[in-house]
Amino acid sequence: MDSRTFASADRLTRRFPAPGTSSPVTSSPAVSTIPAPRLRPPHPLTGKHTLVVGINYAPEPTGIAPYTTGMAEHLAEHAGSVTVLTGVPHYPNWSRDPIYRWIFRTREQVRPTNDSGLVIRRLRHYVPSTQTALTRAGYEASFMLNAWSTRAEHRPDLVIAVTPSLGGAVAGARLANRYGSKLLVVVQDLMARAASQSGISGGSRATRATAAIERYALGQADRVAVVSDAFRDQLHEYGVRDDKISVLPNWTHIRRAELSKDAARHALRWPTKPFTVVHTGNIGLKQDLGNLVEAARLCRFEPGIRFVIVGDGSQRAAIEAQAAGLTNLRFIDPLDGDRYPMALAAADLLVVNERPGVGDMSLPSKLTSYLCAGRPVIAAVAADGASARELLRTGGGALIVPPGDPMTFVEALLNLRLDSLRCTRMAEAGRRYAEATLGRDTAAERLDILLEECLS
């Protein structure tokens with residue numbers, strides 16, 4: 001120590017005497033001190049074990065899977081361990097991956113670090129080739145029973161159940177009861193509403209039973225997270241208190257293609273000149289893509305307009321049959337993570353289309369990708385539904401038209417085609433909204449706050 005250090009120590013001793021002594025100095029110059037660094041509080045899952053139950057997971061490229069996967073990976077960065085009980089890859093084409101054809105259960109250690117890490121346990125379940133109330137019940141029940149009978153490797157402090165599937169939510173509730181764990185249910189879709197609104201065969205008869213099961217699973221939860229505030233009223237009808245409900249919006253899980261529209265079309269080998277209208281994602285009953293087919297039919301004599309439907313699903317064969325003979329409409333199989341952003345960048349207009357009557361049962365996962373892509377959106381959806389509410393928050397990123405009305409859809413499309421300035425403003429509004437609210441870091445912060453509330 002040099003003399004200056006001793007002098008500083010002497011001044012501090014006289015200014016802050018030891019307990020039980022008095023200072024002979026009545027006044028002294030102010031001492032400049034460096035504030036102690038603020039320590040970050042531990043993550044709410046530090047040292048804790050978490051069990052995630054949800055039928056959809058990577059490598060499924062679309063729908064719920066990217067969000068459940070991203071959530072589990074975020075939890076694994078902080079928790080003592082994370083185990084995911086999930087199904088075999090089957091969505092969106094509703095066909096079991098051949099690798100899992102004869103496998104009942106698998107265990108995949110993603111991040112082995114002694115006692116911690118991320119473990120994926122895949123459970124065999126029935127995969128229906130056609131969607132009816134009966135086949136859907138078999139799909140849900142087979143996963144529920146397999147998940148319910150699975151023994152956890154660690155007693156979980158927290159169980160997170162993701163809906164859909166409904167069977168996963170019930171299994172999650174029973175597992176939380178078995179181990180005395182806290183239960184968080186993340187609601188991506190409301191299944192009872194889906195049964196009544198989606199047009200599935202026998203759906204109206206299944207609604208009452210589905211609602212009773214859904215009410216049970218949600219009633220067991222310590223916290224319920226919804227991806228849209230539009231779901232809140234239905235949860236109230238189920239008896240879920242408002243102070244148990246949190247809004248946990250989905251985030252953008254793709255990176256925007258840093259390509260111009262022409263460059264993206266060249267990379268995909270799409271024609272350069274036509275005004276291109278693109279729909280991506282699941283081709284199911286809920287999407288009602290017959291509306292888009294009829295819009296293409298109305299435009300068949302309009303030069304320079306092209307429709308593209310990217311994806312797969314239970315209704316693809318029927319929609320392709322309806323579109324037979326239309327040269328201005330093309331179907332493309334699901335694209336991988338590198339080419340999918342290119343398809344969005346290649347569009348002049350991106351489409352959200354829902355069956356008339358579909359209101360507040362679900363929020364299409366494609367919305368986050370669309371807004372991130374920086375392209376104008378036309379949405380044929382119910383004006384009071386979850387999709388419309390989310391798109392209105394963008395401040396002009398989308399044009400909303402009535403569902404099931406191809407003539408109105410085409411009129412809006414033609415007006416946008418002639419108004420490039422409006423399209424540019426719509427694209428910019430959507431991108432600004434995505435950058436401000438749909439980032440993965442923002443979603444992770446919301447999730448961490450929710451976990452702290454749930455565990456405390």
# chains A, B, ... in the order shown; residues from 1 in each chain; ligands from 1
>>> residues_around(residues="A:Asn282", least_positions_apart="5", cutoff="12 Å", atoms="only C-alpha atoms", output="PDB file with N, CA and C atoms, in the first residue's frame")
ATOM      1  N   GLU A  60     -41.318 -30.294 -36.737  1.00  0.00           N
ATOM      2  CA  GLU A  60     -42.472 -29.737 -37.434  1.00  0.00           C
ATOM      3  C   GLU A  60     -42.217 -28.263 -37.713  1.00  0.00           C
ATOM      4  N   PRO A  61     -42.392 -27.810 -38.963  1.00  0.00           N
ATOM      5  CA  PRO A  61     -41.916 -26.470 -39.327  1.00  0.00           C
ATOM      6  C   PRO A  61     -42.896 -25.341 -39.074  1.00  0.00           C
ATOM      7  N   THR A  62     -44.157 -25.675 -38.820  1.00  0.00           N
ATOM      8  CA  THR A  62     -45.167 -24.629 -38.766  1.00  0.00           C
ATOM      9  C   THR A  62     -46.175 -24.923 -37.675  1.00  0.00           C
ATOM     10  N   GLY A  63     -47.127 -24.011 -37.477  1.00  0.00           N
ATOM     11  CA  GLY A  63     -48.134 -24.209 -36.447  1.00  0.00           C
ATOM     12  C   GLY A  63     -47.591 -23.916 -35.059  1.00  0.00           C
ATOM     13  N   ILE A  64     -47.964 -24.748 -34.090  1.00  0.00           N
ATOM     14  CA  ILE A  64     -47.594 -24.543 -32.694  1.00  0.00           C
ATOM     15  C   ILE A  64     -46.154 -24.950 -32.413  1.00  0.00           C
ATOM     16  N   TYR A  91     -47.247 -32.984 -38.447  1.00  0.00           N
ATOM     17  CA  TYR A  91     -47.984 -31.799 -38.879  1.00  0.00           C
ATOM     18  C   TYR A  91     -47.093 -30.950 -39.788  1.00  0.00           C
ATOM     19  N   PRO A  92     -47.599 -30.337 -40.856  1.00  0.00           N
ATOM     20  CA  PRO A  92     -49.013 -30.114 -41.172  1.00  0.00           C
ATOM     21  C   PRO A  92     -49.650 -31.130 -42.104  1.00  0.00           C
ATOM     22  N   ASN A  93     -48.904 -32.126 -42.569  1.00  0.00           N
ATOM     23  CA  ASN A  93     -49.480 -33.034 -43.566  1.00  0.00           C
ATOM     24  C   ASN A  93     -50.275 -34.180 -42.944  1.00  0.00           C
ATOM     25  N   TRP A  94     -50.336 -34.236 -41.598  1.00  0.00           N
ATOM     26  CA  TRP A  94     -51.092 -35.270 -40.899  1.00  0.00           C
ATOM     27  C   TRP A  94     -50.685 -36.665 -41.370  1.00  0.00           C
ATOM     28  N   GLN A 287     -58.957 -23.012 -42.446  1.00  0.00           N
ATOM     29  CA  GLN A 287     -58.428 -22.019 -43.383  1.00  0.00           C
ATOM     30  C   GLN A 287     -59.388 -21.745 -44.553  1.00  0.00           C
ATOM     31  N   ASP A 288     -60.272 -22.689 -44.877  1.00  0.00           N
ATOM     32  CA  ASP A 288     -61.295 -22.468 -45.909  1.00  0.00           C
ATOM     33  C   ASP A 288     -60.697 -21.909 -47.199  1.00  0.00           C
ATOM     34  N   LEU A 289     -59.672 -22.584 -47.720  1.00  0.00           N
ATOM     35  CA  LEU A 289     -58.970 -22.038 -48.873  1.00  0.00           C
ATOM     36  C   LEU A 289     -59.739 -22.178 -50.180  1.00  0.00           C
ATOM     37  N   ILE A 309     -50.308 -21.095 -53.183  1.00  0.00           N
ATOM     38  CA  ILE A 309     -50.634 -21.668 -51.880  1.00  0.00           C
ATOM     39  C   ILE A 309     -49.471 -22.563 -51.479  1.00  0.00           C
ATOM     40  N   VAL A 310     -48.776 -22.187 -50.388  1.00  0.00           N
ATOM     41  CA  VAL A 310     -47.604 -22.913 -49.904  1.00  0.00           C
ATOM     42  C   VAL A 310     -48.001 -23.677 -48.647  1.00  0.00           C
ATOM     43  N   GLY A 311     -47.852 -24.995 -48.666  1.00  0.00           N
ATOM     44  CA  GLY A 311     -48.148 -25.753 -47.452  1.00  0.00           C
ATOM     45  C   GLY A 311     -48.810 -27.080 -47.741  1.00  0.00           C
ATOM     46  N   ASP A 312     -49.327 -27.682 -46.678  1.00  0.00           N
ATOM     47  CA  ASP A 312     -49.964 -28.991 -46.769  1.00  0.00           C
ATOM     48  C   ASP A 312     -51.015 -29.059 -45.674  1.00  0.00           C
ATOM     49  N   GLY A 313     -51.789 -30.127 -45.695  1.00  0.00           N
ATOM     50  CA  GLY A 313     -52.805 -30.283 -44.669  1.00  0.00           C
ATOM     51  C   GLY A 313     -53.887 -31.248 -45.097  1.00  0.00           C
ATOM     52  N   SER A 314     -54.829 -31.465 -44.208  1.00  0.00           N
ATOM     53  CA  SER A 314     -55.854 -32.493 -44.426  1.00  0.00           C
ATOM     54  C   SER A 314     -56.772 -32.177 -45.597  1.00  0.00           C
ATOM     55  N   GLN A 315     -56.881 -30.908 -45.984  1.00  0.00           N
ATOM     56  CA  GLN A 315     -57.802 -30.519 -47.064  1.00  0.00           C
ATOM     57  C   GLN A 315     -57.097 -30.214 -48.382  1.00  0.00           C
ATOM     58  N   ARG A 316     -55.802 -30.488 -48.465  1.00  0.00           N
ATOM     59  CA  ARG A 316     -55.097 -30.084 -49.685  1.00  0.00           C
ATOM     60  C   ARG A 316     -55.652 -30.781 -50.924  1.00  0.00           C
ATOM     61  N   ILE A 332     -47.579 -25.360 -53.729  1.00  0.00           N
ATOM     62  CA  ILE A 332     -46.183 -25.667 -53.449  1.00  0.00           C
ATOM     63  C   ILE A 332     -46.101 -26.375 -52.106  1.00  0.00           C
ATOM     64  N   ASP A 333     -45.308 -27.428 -52.037  1.00  0.00           N
ATOM     65  CA  ASP A 333     -45.127 -28.164 -50.780  1.00  0.00           C
ATOM     66  C   ASP A 333     -44.487 -27.267 -49.725  1.00  0.00           C
ATOM     67  N   PRO A 334     -44.628 -27.628 -48.427  1.00  0.00           N
ATOM     68  CA  PRO A 334     -44.007 -26.817 -47.368  1.00  0.00           C
ATOM     69  C   PRO A 334     -42.521 -26.597 -47.623  1.00  0.00           C
ATOM     70  N   VAL A 352     -54.215 -14.078 -45.181  1.00  0.00           N
ATOM     71  CA  VAL A 352     -54.776 -14.847 -44.076  1.00  0.00           C
ATOM     72  C   VAL A 352     -56.232 -15.094 -44.430  1.00  0.00           C
ATOM     73  N   ASN A 353     -56.657 -16.342 -44.400  1.00  0.00           N
ATOM     74  CA  ASN A 353     -58.030 -16.676 -44.771  1.00  0.00           C
ATOM     75  C   ASN A 353     -58.615 -17.624 -43.734  1.00  0.00           C
ATOM     76  N   GLU A 354     -59.810 -17.310 -43.244  1.00  0.00           N
ATOM     77  CA  GLU A 354     -60.458 -18.160 -42.252  1.00  0.00           C
ATOM     78  C   GLU A 354     -61.901 -18.453 -42.658  1.00  0.00           C
ATOM     79  N   PRO A 364     -53.817 -17.465 -36.000  1.00  0.00           N
ATOM     80  CA  PRO A 364     -52.895 -18.147 -36.915  1.00  0.00           C
ATOM     81  C   PRO A 364     -51.438 -17.832 -36.602  1.00  0.00           C
ATOM     82  N   SER A 365     -50.626 -18.869 -36.505  1.00  0.00           N
ATOM     83  CA  SER A 365     -49.216 -18.665 -36.183  1.00  0.00           C
ATOM     84  C   SER A 365     -48.473 -17.937 -37.294  1.00  0.00           C
ATOM     85  N   LYS A 366     -49.008 -17.969 -38.507  1.00  0.00           N
ATOM     86  CA  LYS A 366     -48.329 -17.322 -39.634  1.00  0.00           C
ATOM     87  C   LYS A 366     -48.276 -15.804 -39.495  1.00  0.00           C
TER      88      LYS A 366
END
>>> closest_atom_pairs(of="stretch 211-320 of chain A", to="stretch 439-443 of chain A", cutoff="12 Å", atoms="only C-alpha atoms", output="Markdown table")
| residue | atom | partner | partner_atom | distance |
| --- | --- | --- | --- | --- |
| A:Val227 | CA | A:Ala443 | CA | 10.9 |
| A:Val247 | CA | A:Ala443 | CA | 10.5 |
| A:Leu248 | CA | A:Ala443 | CA | 7.3 |
| A:Pro249 | CA | A:Ala443 | CA | 7.1 |
| A:Asn250 | CA | A:Ala443 | CA | 7.1 |
| A:Trp251 | CA | A:Arg440 | CA | 5.5 |
| A:Thr252 | CA | A:Gly439 | CA | 6.0 |
| A:His253 | CA | A:Arg440 | CA | 7.4 |
| A:Ile254 | CA | A:Arg440 | CA | 10.0 |
| A:Arg255 | CA | A:Gly439 | CA | 10.6 |
>>> write_last_selection(atoms="C-alpha atoms", output="PDB file, in the first residue's frame")
ATOM      1  CA  VAL A 227     -51.644 -15.806 -27.070  1.00  0.00           C
ATOM      2  CA  VAL A 247     -51.368 -12.592 -22.283  1.00  0.00           C
ATOM      3  CA  LEU A 248     -48.254 -14.209 -23.776  1.00  0.00           C
ATOM      4  CA  PRO A 249     -48.110 -13.285 -27.480  1.00  0.00           C
ATOM      5  CA  ASN A 250     -46.190 -15.457 -29.903  1.00  0.00           C
ATOM      6  CA  TRP A 251     -42.979 -14.115 -31.372  1.00  0.00           C
ATOM      7  CA  THR A 252     -41.450 -14.060 -34.823  1.00  0.00           C
ATOM      8  CA  HIS A 253     -39.597 -17.357 -35.168  1.00  0.00           C
ATOM      9  CA  ILE A 254     -38.194 -16.762 -38.650  1.00  0.00           C
ATOM     10  CA  ARG A 255     -35.578 -14.360 -39.925  1.00  0.00           C
TER      11      ARG A 255
END
>>> select_by_dssp(residues="stretch 120-203 of chain A", states="helix (DSSP H, G or I)", output="PyMOL selection string")
chain A and resi 133-148+166-179+191-197+203
>>> closest_residue(among="A:Val84, A:Leu235, A:Val127, A:Ile305", to="A:Arg107", atoms="only C-alpha atoms")
A:Val84
>>> closest_residue(among="A:Ala347, A:Ala212, A:Leu218, A:Leu285", to="A:Ala318", atoms="only C-alpha atoms")
A:Leu285
>>> residues_around(residues="A:Gly80", least_positions_apart="2", cutoff="8 Å", atoms="only C-alpha atoms", output="number ranges by chain")
A: 45-50, 76, 78, 82, 115-117
>>> write_last_selection(atoms="N, CA and C atoms", output="compact mmCIF listing (two decimals), in the first residue's frame")
# COMPACT_ATOMS: atom_id res chain seq x y z
N LEU A 45 -36.49 -20.28 -12.58
CA LEU A 45 -36.33 -21.73 -12.73
C LEU A 45 -34.95 -22.24 -12.33
N THR A 46 -34.11 -21.38 -11.83
CA THR A 46 -32.76 -21.81 -11.45
C THR A 46 -32.84 -22.97 -10.46
N GLY A 47 -32.19 -24.08 -10.82
CA GLY A 47 -32.16 -25.26 -9.96
C GLY A 47 -33.45 -26.05 -9.93
N LYS A 48 -34.43 -25.66 -10.72
CA LYS A 48 -35.73 -26.34 -10.71
C LYS A 48 -35.88 -27.22 -11.94
N HIS A 49 -36.78 -28.21 -11.84
CA HIS A 49 -37.04 -29.13 -12.94
C HIS A 49 -38.40 -28.80 -13.55
N THR A 50 -38.45 -28.81 -14.89
CA THR A 50 -39.65 -28.42 -15.62
C THR A 50 -40.05 -29.53 -16.59
N ALA A 76 -34.53 -24.32 -20.93
CA ALA A 76 -33.35 -25.16 -20.70
C ALA A 76 -32.10 -24.33 -20.43
N HIS A 78 -31.94 -22.03 -18.35
CA HIS A 78 -31.97 -21.55 -16.96
C HIS A 78 -32.33 -22.62 -15.96
N VAL A 82 -35.05 -29.71 -18.19
CA VAL A 82 -36.32 -29.57 -18.90
C VAL A 82 -36.57 -30.86 -19.66
N ASP A 115 -26.69 -33.50 -14.75
CA ASP A 115 -28.06 -33.69 -14.31
C ASP A 115 -29.04 -32.79 -15.06
N SER A 116 -28.52 -31.80 -15.80
CA SER A 116 -29.41 -30.84 -16.43
C SER A 116 -29.45 -31.08 -17.93
N GLY A 117 -30.13 -30.19 -18.64
CA GLY A 117 -30.21 -30.30 -20.07
C GLY A 117 -31.64 -30.31 -20.55
>>> atom_distance(atom1="atom CA of A:Gly290", atom2="atom CA of A:Ala412")
17.5 Å
>>> residues_around(residues="A:Leu85", least_positions_apart="5", cutoff="8 Å", atoms="only C-alpha atoms", output="number ranges by chain")
A: 51-55, 120-123, 147
>>> residues_around(residues="stretch 413-419 of chain A", least_positions_apart="2", cutoff="10 Å", atoms="only C-alpha atoms", output="VMD selection string")
chain A and resid 275 to 277 295 299 302 305 348 to 349 376 378 399 407 to 411 421 to 424
>>> closest_residue(among="A:Val88, A:Pro303, A:Ala296, A:Ile283", to="A:Ala317", atoms="only C-alpha atoms")
A:Ile283
